[in-house]
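Trainee: Have a look at the structure that comes next, please.
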Amino acid sequence: MYEINLKIHEETDLYNPFDESCRTLNSEVSDYLAGQYGKKEIGDEIILKIKCNGPVNFERIRNAFQELIREQEVHNAAQKRLNRIKQLWLFCIGVVFVAAAILLDGILGSVPVELISIVGSFAVWEAANIWIVGNPRVRLAKRMLKKLNATKIVIEQTDETEHHSV
């Protein structure tokens with residue numbers, strides 16, 4: 001079990017000051033949580049313990065946390081689509097340039113043919129890099145979001161003895 005402790009003075013410290021609906025977590029809180037999640041072991045269950053000096057609306061905190069997860073899921077899906085498009089585009093460009101180098105081998109000198117071949121090889125390599133490095137990162141982020149969704153949130157009010165948890 002991995003516990004993340006977050007101390008705030010009042011509930012509004014959690015939210016973006018420009019969002020009057022209090023559905024968006026403050027960027028400092030989001031960054032702190034992301035850093036803490038990065039420190040946990042792979043199989044650990046996560047407990048987010050929020051300590052606050054005053055009263056808090058548990059549902060609003062839970063909804064803001066869920067909104068953060070939804071935003072990250074949308075970003076993750078967009079990154080996956082972008083990777084797919086870039087990968088296909090780079091691979092096609094690479095194949096065209098390599099084929100052009102093969103076809104132009106007897107027509108042009110060796111230096112221009114080598115340059116065309118290098119550009120084509122580089123494009124194919126970049127497509128492979130997305131497949132080997134970029135796509136696994138997206139899959140890892142997707143798994144992490146599933147873990148975040150299962151995070152147990154516990155609220156401790158330091159003024160009162162009342163505790164909430166889900």
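Following the order of the structure tokens, first chain is A, next is B, and so on, with residues numbered from 1 inside each chain and ligands from 1 in the order they appear.
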Using the chain letters and numbers from this document, which residues of segment 23-165 of chain A does DSSP assign to strand (DSSP E or B), as a list in words?
Mentor: Leu25, Ile46, Ile47, Leu48, Lys49, Ile50, Lys51, Cys52, Lys152, Ile153, Val154, Ile155, Glu156, Gln157, His163, His164 and Ser165 of chain A
Trainee: Any chance you can output those residues with all heavy atoms as a CSV table (one decimal), in the first residue's frame?
Mentor:
```csv
chain,number,residue,atom,x,y,z
A,25,LEU,N,-8.5,20.6,-10.4
A,25,LEU,CA,-7.5,20.7,-9.4
A,25,LEU,C,-6.4,21.7,-9.7
A,25,LEU,O,-6.1,21.9,-10.9
A,25,LEU,CB,-6.8,19.3,-9.2
A,25,LEU,CG,-7.6,18.2,-8.5
A,25,LEU,CD1,-6.8,16.9,-8.4
A,25,LEU,CD2,-8.1,18.6,-7.1
A,46,ILE,N,-3.1,2.5,-3.8
A,46,ILE,CA,-2.8,3.9,-3.5
A,46,ILE,C,-3.9,4.5,-2.6
A,46,ILE,O,-5.1,4.3,-2.8
A,46,ILE,CB,-2.7,4.8,-4.8
A,46,ILE,CG1,-1.7,4.2,-5.8
A,46,ILE,CG2,-2.4,6.2,-4.5
A,46,ILE,CD1,-1.8,4.8,-7.2
A,47,ILE,N,-3.4,5.2,-1.6
A,47,ILE,CA,-4.4,5.9,-0.7
A,47,ILE,C,-3.9,7.4,-0.7
A,47,ILE,O,-2.7,7.7,-0.4
A,47,ILE,CB,-4.3,5.4,0.8
A,47,ILE,CG1,-4.9,4.0,0.8
A,47,ILE,CG2,-5.1,6.3,1.7
A,47,ILE,CD1,-4.8,3.4,2.2
A,48,LEU,N,-4.8,8.2,-1.0
A,48,LEU,CA,-4.6,9.7,-1.0
A,48,LEU,C,-5.2,10.2,0.3
A,48,LEU,O,-6.4,10.2,0.4
A,48,LEU,CB,-5.2,10.4,-2.2
A,48,LEU,CG,-5.1,11.9,-2.3
A,48,LEU,CD1,-3.7,12.4,-2.2
A,48,LEU,CD2,-5.8,12.4,-3.5
A,49,LYS,N,-4.4,10.7,1.2
A,49,LYS,CA,-4.9,11.2,2.5
A,49,LYS,C,-4.7,12.7,2.5
A,49,LYS,O,-3.6,13.2,2.4
A,49,LYS,CB,-4.1,10.6,3.6
A,49,LYS,CG,-4.6,10.9,5.0
A,49,LYS,CD,-3.8,10.2,6.1
A,49,LYS,CE,-4.0,8.7,6.1
A,49,LYS,NZ,-3.4,8.1,7.3
A,50,ILE,N,-5.9,13.3,2.5
A,50,ILE,CA,-5.9,14.8,2.5
A,50,ILE,C,-6.2,15.3,3.9
A,50,ILE,O,-7.3,15.0,4.5
A,50,ILE,CB,-7.0,15.3,1.5
A,50,ILE,CG1,-6.7,14.8,0.1
A,50,ILE,CG2,-7.0,16.8,1.5
A,50,ILE,CD1,-7.8,15.1,-0.9
A,51,LYS,N,-5.3,16.1,4.4
A,51,LYS,CA,-5.5,16.7,5.8
A,51,LYS,C,-5.8,18.2,5.6
A,51,LYS,O,-5.1,18.9,4.9
A,51,LYS,CB,-4.2,16.5,6.6
A,51,LYS,CG,-3.9,15.1,6.9
A,51,LYS,CD,-2.6,15.0,7.7
A,51,LYS,CE,-2.3,13.5,7.9
A,51,LYS,NZ,-1.0,13.4,8.6
A,52,CYS,N,-7.0,18.6,6.2
A,52,CYS,CA,-7.4,19.9,6.0
A,52,CYS,C,-7.8,20.5,7.4
A,52,CYS,O,-8.4,19.8,8.2
A,52,CYS,CB,-8.6,19.9,5.1
A,52,CYS,SG,-9.2,21.6,4.7
A,152,LYS,N,-7.9,5.2,-3.3
A,152,LYS,CA,-8.8,5.5,-2.2
A,152,LYS,C,-8.5,6.9,-1.6
A,152,LYS,O,-7.3,7.2,-1.4
A,152,LYS,CB,-8.6,4.4,-1.1
A,152,LYS,CG,-9.5,4.6,0.1
A,152,LYS,CD,-9.3,3.5,1.1
A,152,LYS,CE,-10.2,3.7,2.3
A,152,LYS,NZ,-10.0,2.6,3.3
A,153,ILE,N,-9.5,7.7,-1.5
A,153,ILE,CA,-9.3,9.1,-0.9
A,153,ILE,C,-9.8,9.1,0.5
A,153,ILE,O,-11.0,8.7,0.8
A,153,ILE,CB,-10.1,10.1,-1.8
A,153,ILE,CG1,-9.6,10.1,-3.2
A,153,ILE,CG2,-9.9,11.5,-1.2
A,153,ILE,CD1,-10.4,10.9,-4.2
A,154,VAL,N,-9.0,9.6,1.4
A,154,VAL,CA,-9.3,9.7,2.8
A,154,VAL,C,-9.1,11.2,3.2
A,154,VAL,O,-8.1,11.8,2.9
A,154,VAL,CB,-8.4,8.8,3.7
A,154,VAL,CG1,-8.7,9.0,5.1
A,154,VAL,CG2,-8.5,7.3,3.3
A,155,ILE,N,-10.1,11.7,3.8
A,155,ILE,CA,-10.0,13.1,4.3
A,155,ILE,C,-10.0,13.1,5.8
A,155,ILE,O,-10.9,12.6,6.5
A,155,ILE,CB,-11.2,13.9,3.7
A,155,ILE,CG1,-11.2,13.9,2.2
A,155,ILE,CG2,-11.2,15.4,4.3
A,155,ILE,CD1,-12.3,14.6,1.6
A,156,GLU,N,-9.0,13.8,6.3
A,156,GLU,CA,-8.9,14.0,7.8
A,156,GLU,C,-9.0,15.5,8.0
A,156,GLU,O,-8.2,16.3,7.5
A,156,GLU,CB,-7.6,13.5,8.3
A,156,GLU,CG,-7.4,12.0,8.2
A,156,GLU,CD,-6.1,11.6,8.8
A,156,GLU,OE1,-5.3,12.4,9.2
A,156,GLU,OE2,-5.8,10.4,8.8
A,157,GLN,N,-10.0,15.9,8.8
A,157,GLN,CA,-10.1,17.3,9.2
A,157,GLN,C,-9.4,17.5,10.5
A,157,GLN,O,-9.7,16.8,11.5
A,157,GLN,CB,-11.6,17.7,9.3
A,157,GLN,CG,-12.3,17.7,8.0
A,157,GLN,CD,-13.8,17.9,8.1
A,157,GLN,OE1,-14.5,17.2,8.8
A,157,GLN,NE2,-14.2,19.0,7.4
A,163,HIS,N,-14.0,12.1,10.0
A,163,HIS,CA,-13.2,11.5,8.9
A,163,HIS,C,-14.1,11.0,7.8
A,163,HIS,O,-15.1,10.4,8.1
A,163,HIS,CB,-12.3,10.4,9.4
A,163,HIS,CG,-11.3,10.8,10.4
A,163,HIS,ND1,-10.2,11.5,10.1
A,163,HIS,CD2,-11.3,10.6,11.8
A,163,HIS,CE1,-9.5,11.7,11.2
A,163,HIS,NE2,-10.2,11.2,12.2
A,164,HIS,N,-13.7,11.2,6.5
A,164,HIS,CA,-14.4,10.6,5.4
A,164,HIS,C,-13.5,9.8,4.6
A,164,HIS,O,-12.3,10.1,4.4
A,164,HIS,CB,-15.0,11.7,4.5
A,164,HIS,CG,-16.0,12.6,5.1
A,164,HIS,ND1,-17.3,12.2,5.3
A,164,HIS,CD2,-15.9,13.8,5.7
A,164,HIS,CE1,-18.0,13.1,5.9
A,164,HIS,NE2,-17.2,14.1,6.1
A,165,SER,N,-14.0,8.7,4.0
A,165,SER,CA,-13.1,8.0,3.1
A,165,SER,C,-14.0,7.2,2.1
A,165,SER,O,-15.1,6.9,2.3
A,165,SER,CB,-12.2,7.0,3.8
A,165,SER,OG,-13.0,6.0,4.4
```
Trainee: What parts of segment 47-133 of chain A does DSSP call alpha helix (DSSP H)? I'd like the answer as a ChimeraX atom specification.
Mentor: /A:58-103,110-129
Trainee: Smallest atom-to-atom distance to Glu45 of chain A: which of A:Ile61, A:Tyr15, A:Met1, A:Asn76, using only C-alpha atoms?
Mentor: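 Checking each of A:Ile61, A:Tyr15, A:Met1, A:Asn76 against Glu45 of chain A, counting only C-alpha atoms, the winner is A:Met1.
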Trainee: Excluding same-chain residues fewer than 6 positions from segment 120-132 of chain A, what lies within 6 Å of it counting only C-alpha atoms, as a list of chain:residue names?
Mentor: A:Gln87, A:Leu90, A:Phe91, A:Gly94, A:Phe97, A:Val98
Trainee: Could you write out that same residue set with N, CA, C and O atoms as a PDB file, in the first residue's frame?
Mentor:
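out_5.pdb, freshly written:
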```pdb
ATOM      1  N   GLN A  87       3.627   7.752 -36.977  1.00  0.00           N
ATOM      2  CA  GLN A  87       4.281   6.496 -37.317  1.00  0.00           C
ATOM      3  C   GLN A  87       3.990   6.128 -38.774  1.00  0.00           C
ATOM      4  O   GLN A  87       4.910   5.800 -39.529  1.00  0.00           O
ATOM      5  N   LEU A  90       5.734   8.784 -41.173  1.00  0.00           N
ATOM      6  CA  LEU A  90       7.191   8.609 -41.252  1.00  0.00           C
ATOM      7  C   LEU A  90       7.570   7.332 -41.995  1.00  0.00           C
ATOM      8  O   LEU A  90       8.520   7.318 -42.786  1.00  0.00           O
ATOM      9  N   PHE A  91       6.828   6.264 -41.755  1.00  0.00           N
ATOM     10  CA  PHE A  91       7.128   5.009 -42.435  1.00  0.00           C
ATOM     11  C   PHE A  91       6.931   5.160 -43.948  1.00  0.00           C
ATOM     12  O   PHE A  91       7.770   4.721 -44.737  1.00  0.00           O
ATOM     13  N   GLY A  94       9.664   7.263 -45.400  1.00  0.00           N
ATOM     14  CA  GLY A  94      10.893   6.476 -45.411  1.00  0.00           C
ATOM     15  C   GLY A  94      10.931   5.488 -46.557  1.00  0.00           C
ATOM     16  O   GLY A  94      11.951   5.361 -47.258  1.00  0.00           O
ATOM     17  N   PHE A  97      11.485   7.365 -49.863  1.00  0.00           N
ATOM     18  CA  PHE A  97      12.863   7.813 -50.034  1.00  0.00           C
ATOM     19  C   PHE A  97      13.825   6.647 -50.276  1.00  0.00           C
ATOM     20  O   PHE A  97      14.729   6.755 -51.112  1.00  0.00           O
ATOM     21  N   VAL A  98      13.653   5.547 -49.584  1.00  0.00           N
ATOM     22  CA  VAL A  98      14.526   4.384 -49.813  1.00  0.00           C
ATOM     23  C   VAL A  98      14.303   3.837 -51.224  1.00  0.00           C
ATOM     24  O   VAL A  98      15.261   3.505 -51.935  1.00  0.00           O
TER      25      VAL A  98
END
```
Trainee: Fewer than 2 positions away in the same chain doesn't count, so skip those; otherwise give me all residues within 10 Å of segment 141-145 of chain A, counting only C-alpha atoms, as a list in words.
Mentor: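 So the residues in contact are Tyr37, Gly38, Ile42, Leu68, Ile69, Arg70, Gln72, Glu73, Asn76, Ala77, Asn135, Pro136, Arg137, Val138, Arg139, Lys147, Leu148, Asn149, Ala150 and Thr151 of chain A.
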Trainee: Calculate how many Å separate atom CA of Ile8 of chain A from atom CA of Glu28 of chain A, rounding to one decimal.
Mentor: 11.9 Å
